[in-house]
$ cat data23.csv   # CSV, C-alpha atoms and all ligand atoms
chain,number,residue,atom,x,y,z
A,143,MET,CA,-107.3,-49.2,46.1
A,144,ASP,CA,-110.2,-47.3,44.5
A,145,ALA,CA,-109.8,-46.0,41.0
A,146,TYR,CA,-111.9,-44.3,38.4
A,147,THR,CA,-111.2,-44.6,34.7
A,148,ASP,CA,-112.7,-44.6,31.2
A,149,GLY,CA,-112.8,-48.0,29.6
A,150,ILE,CA,-114.1,-50.0,26.6
A,151,VAL,CA,-115.7,-53.4,27.3
A,152,LEU,CA,-113.9,-56.1,25.3
A,153,LYS,CA,-115.6,-59.1,26.7
A,154,GLN,CA,-118.1,-60.3,29.3
A,155,THR,CA,-118.6,-63.7,30.7
A,156,LYS,CA,-120.9,-65.1,33.3
A,157,ILE,CA,-119.4,-66.7,36.4
A,158,LEU,CA,-121.1,-68.0,39.5
A,159,ASN,CA,-124.1,-66.6,41.4
A,160,GLY,CA,-125.0,-63.9,38.9
A,161,ARG,CA,-121.5,-62.5,39.0
A,162,ARG,CA,-119.8,-61.5,35.7
A,163,MET,CA,-116.3,-61.2,34.6
A,164,VAL,CA,-115.7,-58.2,32.4
A,165,THR,CA,-112.6,-57.7,30.3
A,166,LEU,CA,-112.1,-54.0,30.2
A,167,PHE,CA,-109.6,-52.0,28.1
A,168,THR,CA,-109.1,-49.0,30.5
A,169,ARG,CA,-107.4,-45.8,29.6
A,170,ASP,CA,-105.3,-45.7,32.7
A,171,TYR,CA,-104.5,-49.3,33.5
A,172,GLY,CA,-104.6,-51.1,30.2
A,173,LYS,CA,-106.5,-54.4,29.9
A,174,ILE,CA,-107.9,-55.7,33.1
A,175,GLY,CA,-110.2,-58.5,34.1
A,176,ALA,CA,-112.8,-57.4,36.6
A,177,GLY,CA,-115.6,-59.1,38.5
A,178,THR,CA,-118.9,-57.3,39.0
A,179,ASN,CA,-122.3,-57.9,40.4
A,180,ILE,CA,-123.8,-55.5,37.9
A,181,ALA,CA,-126.5,-57.5,36.0
A,182,GLY,CA,-125.3,-58.0,32.4
A,183,THR,CA,-128.8,-58.4,30.9
A,184,GLY,CA,-132.1,-56.6,31.0
A,185,ARG,CA,-133.0,-53.0,30.3
A,186,GLY,CA,-131.5,-49.9,31.7
A,187,LYS,CA,-128.2,-48.3,31.7
A,188,SER,CA,-126.3,-50.6,34.1
A,189,PRO,CA,-126.4,-53.7,32.0
A,190,LEU,CA,-125.4,-51.7,29.0
A,191,ALA,CA,-122.3,-50.4,30.8
A,192,VAL,CA,-120.8,-53.9,31.1
A,193,ARG,CA,-121.7,-55.1,27.5
A,194,PRO,CA,-119.1,-55.4,24.7
A,195,PHE,CA,-118.6,-52.2,22.6
A,196,THR,CA,-119.6,-49.9,25.4
A,197,PHE,CA,-117.3,-47.0,26.3
A,198,GLY,CA,-118.0,-46.0,29.8
A,199,HIS,CA,-116.7,-44.6,33.0
A,200,TYR,CA,-115.9,-47.2,35.7
A,201,GLY,CA,-115.4,-47.1,39.4
A,202,LEU,CA,-113.0,-49.9,40.2
A,203,LYS,CA,-111.6,-51.4,43.3
A,204,LYS,CA,-108.4,-53.5,43.3
A,205,GLY,CA,-108.2,-56.2,46.0
A,206,ARG,CA,-105.1,-58.3,46.7
A,207,SER,CA,-105.3,-60.1,43.4
A,208,ALA,CA,-108.5,-59.1,41.5
A,209,TRP,CA,-110.2,-56.0,40.2
A,210,HIS,CA,-113.9,-55.4,40.9
A,211,ILE,CA,-116.3,-53.0,39.2
A,212,ASN,CA,-118.3,-51.1,41.8
A,213,GLY,CA,-120.0,-48.6,39.5
A,214,ALA,CA,-120.4,-48.0,35.8
A,215,GLU,CA,-121.7,-45.2,33.7
A,216,VAL,CA,-122.2,-45.4,29.9
A,217,SER,CA,-120.4,-42.7,28.0
A,218,ARG,CA,-121.2,-44.1,24.6
A,219,SER,CA,-122.8,-47.5,23.7
A,220,PHE,CA,-122.0,-47.7,20.0
A,221,TYR,CA,-125.3,-49.6,19.7
A,222,ARG,CA,-125.5,-48.9,15.9
A,223,ILE,CA,-122.7,-51.3,15.4
A,224,ALA,CA,-125.1,-54.2,15.7
A,225,GLU,CA,-127.5,-52.8,13.1
A,226,ASP,CA,-125.5,-54.3,10.2
A,227,ALA,CA,-124.2,-57.9,10.2
A,228,ASP,CA,-121.1,-57.0,8.3
A,229,LYS,CA,-120.3,-54.1,10.5
A,230,PHE,CA,-120.8,-56.2,13.5
A,231,ILE,CA,-118.3,-58.9,12.2
A,232,ASN,CA,-115.7,-56.2,11.6
A,233,CYS,CA,-116.1,-54.6,15.0
A,234,SER,CA,-116.1,-58.0,16.8
A,235,TYR,CA,-112.9,-58.9,15.0
A,236,VAL,CA,-111.3,-55.6,16.2
A,237,LEU,CA,-112.4,-56.2,19.8
A,238,GLU,CA,-111.0,-59.7,19.8
A,239,PHE,CA,-107.8,-58.7,18.1
A,240,THR,CA,-107.3,-55.8,20.6
A,241,GLU,CA,-108.0,-58.2,23.5
A,242,LYS,CA,-105.3,-60.6,22.2
A,243,LEU,CA,-102.8,-57.9,21.5
A,244,LEU,CA,-102.9,-56.3,24.9
A,245,PRO,CA,-101.1,-57.9,27.9
A,246,GLU,CA,-102.7,-57.5,31.3
A,247,GLU,CA,-102.4,-54.2,33.1
A,248,LEU,CA,-100.1,-52.4,30.7
A,249,PRO,CA,-101.5,-48.9,29.9
A,250,ALA,CA,-101.7,-48.3,26.1
A,251,PRO,CA,-103.3,-44.8,25.7
A,252,GLU,CA,-102.5,-44.5,22.0
A,253,LEU,CA,-104.2,-47.8,21.2
A,254,PHE,CA,-107.1,-46.8,23.4
A,255,ALA,CA,-107.6,-43.6,21.5
A,256,LEU,CA,-107.3,-45.5,18.2
A,257,THR,CA,-109.9,-48.1,19.2
A,258,LEU,CA,-112.4,-45.4,20.3
A,259,GLU,CA,-111.8,-43.5,17.0
A,260,TYR,CA,-112.4,-46.7,15.0
A,261,PHE,CA,-115.7,-47.4,16.7
A,262,ASP,CA,-116.8,-43.8,16.3
A,263,MET,CA,-116.0,-44.0,12.5
A,264,MET,CA,-117.7,-47.4,12.2
A,265,GLU,CA,-120.9,-46.3,13.9
A,266,HIS,CA,-121.5,-43.7,11.2
A,267,ARG,CA,-120.3,-45.7,8.2
A,268,ARG,CA,-122.7,-47.4,5.8
A,269,LYS,CA,-120.5,-49.7,3.6
A,270,LYS,CA,-117.0,-51.0,2.9
A,271,PHE,CA,-116.4,-51.6,6.6
A,272,ASP,CA,-113.3,-53.8,5.9
A,273,SER,CA,-111.4,-50.9,4.5
A,274,ILE,CA,-111.4,-49.1,7.8
A,275,THR,CA,-110.7,-52.3,9.7
A,276,VAL,CA,-107.5,-53.1,7.8
A,277,VAL,CA,-106.2,-49.6,8.4
A,278,PHE,CA,-107.0,-50.1,12.1
A,279,LEU,CA,-105.1,-53.4,12.2
A,280,PHE,CA,-102.0,-51.9,10.5
A,281,LYS,CA,-102.0,-49.0,12.9
A,282,ALA,CA,-102.6,-51.1,16.0
A,283,ILE,CA,-99.6,-53.3,15.1
A,284,ASP,CA,-97.6,-50.2,14.4
A,285,ILE,CA,-98.4,-48.7,17.8
A,286,TRP,CA,-97.3,-52.0,19.3
A,287,GLY,CA,-93.9,-51.5,17.6
A,288,ALA,CA,-94.5,-54.6,15.4
A,289,ALA,CA,-95.3,-53.1,12.0
A,290,PRO,CA,-93.8,-54.8,9.0
A,291,GLU,CA,-90.7,-53.3,7.5
A,292,LEU,CA,-92.0,-51.5,4.4
A,293,GLU,CA,-89.2,-49.1,3.4
A,294,LYS,CA,-86.3,-51.4,2.7
A,295,CYS,CA,-85.6,-55.1,2.2
A,296,ALA,CA,-85.9,-56.7,5.6
A,297,LEU,CA,-83.0,-59.0,4.8
A,298,CYS,CA,-80.3,-56.8,3.1
A,299,GLY,CA,-81.6,-53.2,3.6
A,300,SER,CA,-81.7,-52.3,-0.1
A,301,ILE,CA,-84.7,-50.5,-1.6
A,302,PRO,CA,-86.5,-52.8,-4.0
A,303,VAL,CA,-86.9,-51.3,-7.5
A,304,GLU,CA,-88.2,-53.8,-10.0
A,305,ARG,CA,-89.6,-56.6,-8.0
A,306,VAL,CA,-90.8,-56.7,-4.4
A,307,TYR,CA,-92.0,-59.6,-2.2
A,308,PHE,CA,-93.6,-59.8,1.2
A,309,GLY,CA,-91.7,-62.1,3.6
A,310,VAL,CA,-94.0,-63.1,6.4
A,311,ARG,CA,-91.2,-64.8,8.4
A,312,ASP,CA,-88.8,-62.0,7.5
A,313,GLY,CA,-91.2,-59.3,8.9
A,314,GLY,CA,-91.5,-57.1,5.8
A,315,ILE,CA,-90.6,-56.6,2.2
A,316,VAL,CA,-87.9,-58.6,0.5
A,317,CYS,CA,-86.0,-57.5,-2.6
A,318,GLY,CA,-85.7,-59.5,-5.8
A,319,ALA,CA,-82.1,-60.5,-5.2
A,320,CYS,CA,-82.8,-61.8,-1.7
A,321,ARG,CA,-85.9,-63.7,-2.8
A,322,ASP,CA,-83.9,-65.4,-5.6
A,323,ALA,CA,-81.2,-66.4,-3.1
A,324,LEU,CA,-83.9,-67.9,-0.8
A,325,ARG,CA,-85.5,-69.7,-3.8
A,326,ASP,CA,-82.2,-71.2,-4.6
A,327,ALA,CA,-81.9,-72.4,-1.1
A,328,GLU,CA,-85.6,-73.5,-1.3
A,329,ASN,CA,-86.2,-71.6,1.9
A,330,LEU,CA,-89.6,-70.2,0.9
A,331,HIS,CA,-91.8,-72.4,3.0
A,332,ASP,CA,-92.3,-73.1,6.7
A,333,SER,CA,-92.2,-76.6,8.2
A,334,ARG,CA,-95.9,-77.2,7.2
A,335,GLY,CA,-95.1,-76.2,3.6
A,336,ASP,CA,-96.9,-72.9,3.8
A,337,ARG,CA,-95.6,-70.3,1.4
A,338,LEU,CA,-94.3,-67.4,3.5
A,339,LEU,CA,-92.8,-65.3,0.8
A,340,TYR,CA,-94.9,-64.0,-2.1
A,341,PRO,CA,-94.9,-61.3,-4.8
A,342,LEU,CA,-96.2,-57.9,-3.7
A,343,ASP,CA,-97.6,-55.3,-5.9
A,344,PHE,CA,-95.9,-51.9,-5.5
A,345,GLY,CA,-99.3,-50.2,-5.4
A,346,ILE,CA,-100.3,-52.3,-2.4
A,347,LEU,CA,-96.9,-51.5,-0.7
A,348,ASN,CA,-97.7,-47.8,-1.2
A,349,VAL,CA,-101.1,-48.2,0.4
A,350,MET,CA,-99.6,-49.9,3.5
A,351,CYS,CA,-97.0,-47.1,3.8
A,352,TYR,CA,-99.8,-44.6,3.6
A,353,PHE,CA,-101.8,-46.4,6.3
A,354,LEU,CA,-98.8,-46.0,8.7
A,355,GLU,CA,-98.1,-42.4,7.9
A,356,ARG,CA,-101.6,-40.9,8.2
A,357,PRO,CA,-104.0,-40.7,11.2
A,358,LEU,CA,-107.0,-43.1,11.1
A,359,ARG,CA,-109.4,-40.2,10.7
A,360,ASP,CA,-107.9,-39.4,7.2
A,361,PHE,CA,-109.4,-42.7,6.0
A,362,GLU,CA,-113.0,-41.8,6.7
A,363,HIS,CA,-114.0,-42.2,3.1
A,364,LEU,CA,-111.6,-45.0,2.1
A,365,ALA,CA,-113.2,-47.7,-0.1
A,366,LEU,CA,-110.6,-50.2,-1.2
A,367,ASP,CA,-111.1,-52.5,-4.2
A,368,GLU,CA,-111.7,-56.2,-3.4
A,369,PRO,CA,-108.3,-57.5,-4.7
A,370,VAL,CA,-106.4,-54.9,-2.7
A,371,LEU,CA,-108.4,-55.6,0.4
A,372,LEU,CA,-107.8,-59.3,0.1
A,373,ALA,CA,-104.0,-58.8,-0.3
A,374,LEU,CA,-103.9,-56.5,2.7
A,375,LYS,CA,-106.0,-58.8,4.9
A,376,ARG,CA,-103.7,-61.6,4.0
A,377,ILE,CA,-100.6,-59.6,4.9
A,378,VAL,CA,-101.9,-58.3,8.2
A,379,LYS,CA,-103.3,-61.7,9.2
A,380,GLU,CA,-100.1,-63.6,8.5
A,381,HIS,CA,-97.9,-60.9,10.0
A,382,ALA,CA,-100.0,-60.8,13.2
A,383,ALA,CA,-100.1,-64.6,13.5
A,384,TRP,CA,-96.3,-65.0,12.9
A,385,HIS,CA,-95.0,-62.1,14.9
A,386,LEU,CA,-97.6,-61.5,17.6
A,387,GLY,CA,-99.2,-64.9,17.9
A,388,ILE,CA,-102.6,-63.5,17.1
A,389,GLY,CA,-104.6,-66.0,15.2
A,390,GLY,CA,-107.6,-68.4,15.4
A,391,LEU,CA,-110.0,-65.7,16.5
A,392,ASN,CA,-113.7,-66.5,16.9
A,393,SER,CA,-114.7,-63.7,14.7
A,394,GLU,CA,-112.5,-64.7,11.8
A,395,GLU,CA,-115.4,-64.5,9.5
A,396,PHE,CA,-113.9,-61.0,8.9
A,397,LEU,CA,-111.2,-62.8,7.0
A,398,ALA,CA,-113.5,-65.4,5.4
A,399,ALA,CA,-113.2,-64.1,1.9
A,400,PHE,CA,-109.5,-64.5,2.0
B,1,ZN,ZN,-82.7,-57.8,0.0
$ encode --input "data23.csv" --output "structure tokens"
Amino acid sequence: MDAYTDGIVLKQTKILNGRRMVTLFTRDYGKIGAGTNIAGTGRGKSPLAVRPFTFGHYGLKKGRSAWHINGAEVSRSFYRIAEDADKFINCSYVLEFTEKLLPEELPAPELFALTLEYFDMMEHRRKKFDSITVVFLFKAIDIWGAAPELEKCALCGSIPVERVYFGVRDGGIVCGACRDALRDAENLHDSRGDRLLYPLDFGILNVMCYFLERPLRDFEHLALDEPVLLALKRIVKEHAAWHLGIGGLNSEEFLAAF
């Protein structure tokens, strides 16, 4: 089968005899692993087309079991991402997170569009890169149908008024009464003793709700304060690890300050 589709290069690894394996997030087929003879290094447009962060148009062939990239054309290279170390860390984290989130060969056009939009916004941004990255992460998880419950207590369904907590294991916010009941049962930790339920500021809760309601583009000028950023990174990291099994990424420097 021959196919042509747009794609974003998530990863590239060398295999034998100059051949490379490219993990491509395609618009039409979702994430695929494809072999190619296109040289991955050197000058010119072809090597660029199979490098991470490139958005391109790919000519693919599917054999009995494996995909092969026959031709590749760069649409956008997002080369400015590498100009700033902090920007690069953020973008690398997003690529790796997306790679872990996607199963093989399941089209995810909404996430594809979000990822492209994220890189477009990051390319032009000069500071506070993490602010956009946390919005991306919340929105990506939401597209995947795995967003935390933020409107009502994940345990009893009531709307918290005076106190609110975030329950990692519970998958969302927890009201004061439910938290007190769990405390009495000493059920606030996992088997390793990690605290999985902690107080949440109503302001931070509102920020998360806003992330899920509005399109990514609306956050073009968002610059979150450090304490808010840290709280949001913690929530998204723990939620993704517990509910989606995404953790231990190579590019976790993004979360280093947490
Ligand atoms: Zn409750």
$ residues_around --input "data23.csv" --residues "segment 241-243 of chain A" --least-positions-apart "6" --cutoff "12 Å" --atoms "all atoms listed in the file" --output "PDB file with C-alpha atoms, in the frame of the given file"
ATOM      1  CA  ILE A 150    -114.100 -50.000  26.600  1.00  0.00           C
ATOM      2  CA  VAL A 151    -115.700 -53.400  27.300  1.00  0.00           C
ATOM      3  CA  LEU A 152    -113.900 -56.100  25.300  1.00  0.00           C
ATOM      4  CA  LYS A 153    -115.600 -59.100  26.700  1.00  0.00           C
ATOM      5  CA  GLN A 154    -118.100 -60.300  29.300  1.00  0.00           C
ATOM      6  CA  VAL A 164    -115.700 -58.200  32.400  1.00  0.00           C
ATOM      7  CA  THR A 165    -112.600 -57.700  30.300  1.00  0.00           C
ATOM      8  CA  LEU A 166    -112.100 -54.000  30.200  1.00  0.00           C
ATOM      9  CA  PHE A 167    -109.600 -52.000  28.100  1.00  0.00           C
ATOM     10  CA  THR A 168    -109.100 -49.000  30.500  1.00  0.00           C
ATOM     11  CA  GLY A 172    -104.600 -51.100  30.200  1.00  0.00           C
ATOM     12  CA  LYS A 173    -106.500 -54.400  29.900  1.00  0.00           C
ATOM     13  CA  ILE A 174    -107.900 -55.700  33.100  1.00  0.00           C
ATOM     14  CA  GLY A 175    -110.200 -58.500  34.100  1.00  0.00           C
ATOM     15  CA  PRO A 194    -119.100 -55.400  24.700  1.00  0.00           C
ATOM     16  CA  SER A 234    -116.100 -58.000  16.800  1.00  0.00           C
ATOM     17  CA  TYR A 235    -112.900 -58.900  15.000  1.00  0.00           C
ATOM     18  CA  ALA A 250    -101.700 -48.300  26.100  1.00  0.00           C
ATOM     19  CA  LEU A 253    -104.200 -47.800  21.200  1.00  0.00           C
ATOM     20  CA  PHE A 254    -107.100 -46.800  23.400  1.00  0.00           C
ATOM     21  CA  THR A 257    -109.900 -48.100  19.200  1.00  0.00           C
ATOM     22  CA  LEU A 279    -105.100 -53.400  12.200  1.00  0.00           C
ATOM     23  CA  ALA A 282    -102.600 -51.100  16.000  1.00  0.00           C
ATOM     24  CA  ILE A 283     -99.600 -53.300  15.100  1.00  0.00           C
ATOM     25  CA  ASP A 284     -97.600 -50.200  14.400  1.00  0.00           C
ATOM     26  CA  ILE A 285     -98.400 -48.700  17.800  1.00  0.00           C
ATOM     27  CA  TRP A 286     -97.300 -52.000  19.300  1.00  0.00           C
ATOM     28  CA  GLY A 287     -93.900 -51.500  17.600  1.00  0.00           C
ATOM     29  CA  ALA A 288     -94.500 -54.600  15.400  1.00  0.00           C
ATOM     30  CA  ALA A 382    -100.000 -60.800  13.200  1.00  0.00           C
ATOM     31  CA  ALA A 383    -100.100 -64.600  13.500  1.00  0.00           C
ATOM     32  CA  HIS A 385     -95.000 -62.100  14.900  1.00  0.00           C
ATOM     33  CA  LEU A 386     -97.600 -61.500  17.600  1.00  0.00           C
ATOM     34  CA  GLY A 387     -99.200 -64.900  17.900  1.00  0.00           C
ATOM     35  CA  ILE A 388    -102.600 -63.500  17.100  1.00  0.00           C
ATOM     36  CA  GLY A 389    -104.600 -66.000  15.200  1.00  0.00           C
ATOM     37  CA  GLY A 390    -107.600 -68.400  15.400  1.00  0.00           C
ATOM     38  CA  LEU A 391    -110.000 -65.700  16.500  1.00  0.00           C
ATOM     39  CA  ASN A 392    -113.700 -66.500  16.900  1.00  0.00           C
TER      40      ASN A 392
END
$ residues_around --input "data23.csv" --residues "Tyr200 of chain A" --least-positions-apart "6" --cutoff "12 Å" --atoms "all atoms listed in the file" --output "number ranges by chain"
A: 144-151, 164, 166-171, 174, 176, 178, 180, 188, 191-192, 209-217
$ write_last_selection --input "data23.csv" --atoms "C-alpha atoms" --output "PDB file, in the frame of the given file"
ATOM      1  CA  ASP A 144    -110.200 -47.300  44.500  1.00  0.00           C
ATOM      2  CA  ALA A 145    -109.800 -46.000  41.000  1.00  0.00           C
ATOM      3  CA  TYR A 146    -111.900 -44.300  38.400  1.00  0.00           C
ATOM      4  CA  THR A 147    -111.200 -44.600  34.700  1.00  0.00           C
ATOM      5  CA  ASP A 148    -112.700 -44.600  31.200  1.00  0.00           C
ATOM      6  CA  GLY A 149    -112.800 -48.000  29.600  1.00  0.00           C
ATOM      7  CA  ILE A 150    -114.100 -50.000  26.600  1.00  0.00           C
ATOM      8  CA  VAL A 151    -115.700 -53.400  27.300  1.00  0.00           C
ATOM      9  CA  VAL A 164    -115.700 -58.200  32.400  1.00  0.00           C
ATOM     10  CA  LEU A 166    -112.100 -54.000  30.200  1.00  0.00           C
ATOM     11  CA  PHE A 167    -109.600 -52.000  28.100  1.00  0.00           C
ATOM     12  CA  THR A 168    -109.100 -49.000  30.500  1.00  0.00           C
ATOM     13  CA  ARG A 169    -107.400 -45.800  29.600  1.00  0.00           C
ATOM     14  CA  ASP A 170    -105.300 -45.700  32.700  1.00  0.00           C
ATOM     15  CA  TYR A 171    -104.500 -49.300  33.500  1.00  0.00           C
ATOM     16  CA  ILE A 174    -107.900 -55.700  33.100  1.00  0.00           C
ATOM     17  CA  ALA A 176    -112.800 -57.400  36.600  1.00  0.00           C
ATOM     18  CA  THR A 178    -118.900 -57.300  39.000  1.00  0.00           C
ATOM     19  CA  ILE A 180    -123.800 -55.500  37.900  1.00  0.00           C
ATOM     20  CA  SER A 188    -126.300 -50.600  34.100  1.00  0.00           C
ATOM     21  CA  ALA A 191    -122.300 -50.400  30.800  1.00  0.00           C
ATOM     22  CA  VAL A 192    -120.800 -53.900  31.100  1.00  0.00           C
ATOM     23  CA  TRP A 209    -110.200 -56.000  40.200  1.00  0.00           C
ATOM     24  CA  HIS A 210    -113.900 -55.400  40.900  1.00  0.00           C
ATOM     25  CA  ILE A 211    -116.300 -53.000  39.200  1.00  0.00           C
ATOM     26  CA  ASN A 212    -118.300 -51.100  41.800  1.00  0.00           C
ATOM     27  CA  GLY A 213    -120.000 -48.600  39.500  1.00  0.00           C
ATOM     28  CA  ALA A 214    -120.400 -48.000  35.800  1.00  0.00           C
ATOM     29  CA  GLU A 215    -121.700 -45.200  33.700  1.00  0.00           C
ATOM     30  CA  VAL A 216    -122.200 -45.400  29.900  1.00  0.00           C
ATOM     31  CA  SER A 217    -120.400 -42.700  28.000  1.00  0.00           C
TER      32      SER A 217
END
$ residues_near_ligand --input "data23.csv" --ligand "ligand ZN 1 (chain B)" --cutoff "12 Å" --atoms "all atoms listed in the file" --output "number ranges by chain"
A: 291, 293-303, 305-309, 312, 314-324
$ atom_distance --input "data23.csv" --atom1 "atom CA of Tyr340 of chain A" --atom2 "atom CA of Leu366 of chain A"
20.9 Å
$ residues_around --input "data23.csv" --residues "Ser273 of chain A" --least-positions-apart "2" --cutoff "10 Å" --atoms "only C-alpha atoms" --output "number ranges by chain"
A: 232, 269-271, 275-278, 361-368, 370-371, 374-375
$ closest_residue --input "data23.csv" --among "A:Arg193, A:His331, A:Lys204, A:Lys156" --to "Phe220 of chain A" --atoms "all atoms listed in the file"
A:Arg193
$ atom_distance --input "data23.csv" --atom1 "atom CA of Thr240 of chain A" --atom2 "atom CA of Ser333 of chain A"
28.5 Å
$ closest_residue --input "data23.csv" --among "A:Asp326, A:Thr155, A:Met350, A:Arg268" --to "Asp228 of chain A" --atoms "all atoms listed in the file"
A:Arg268
$ atom_distance --input "data23.csv" --atom1 "atom CA of Asp272 of chain A" --atom2 "atom CA of Pro249 of chain A"
27.2 Å
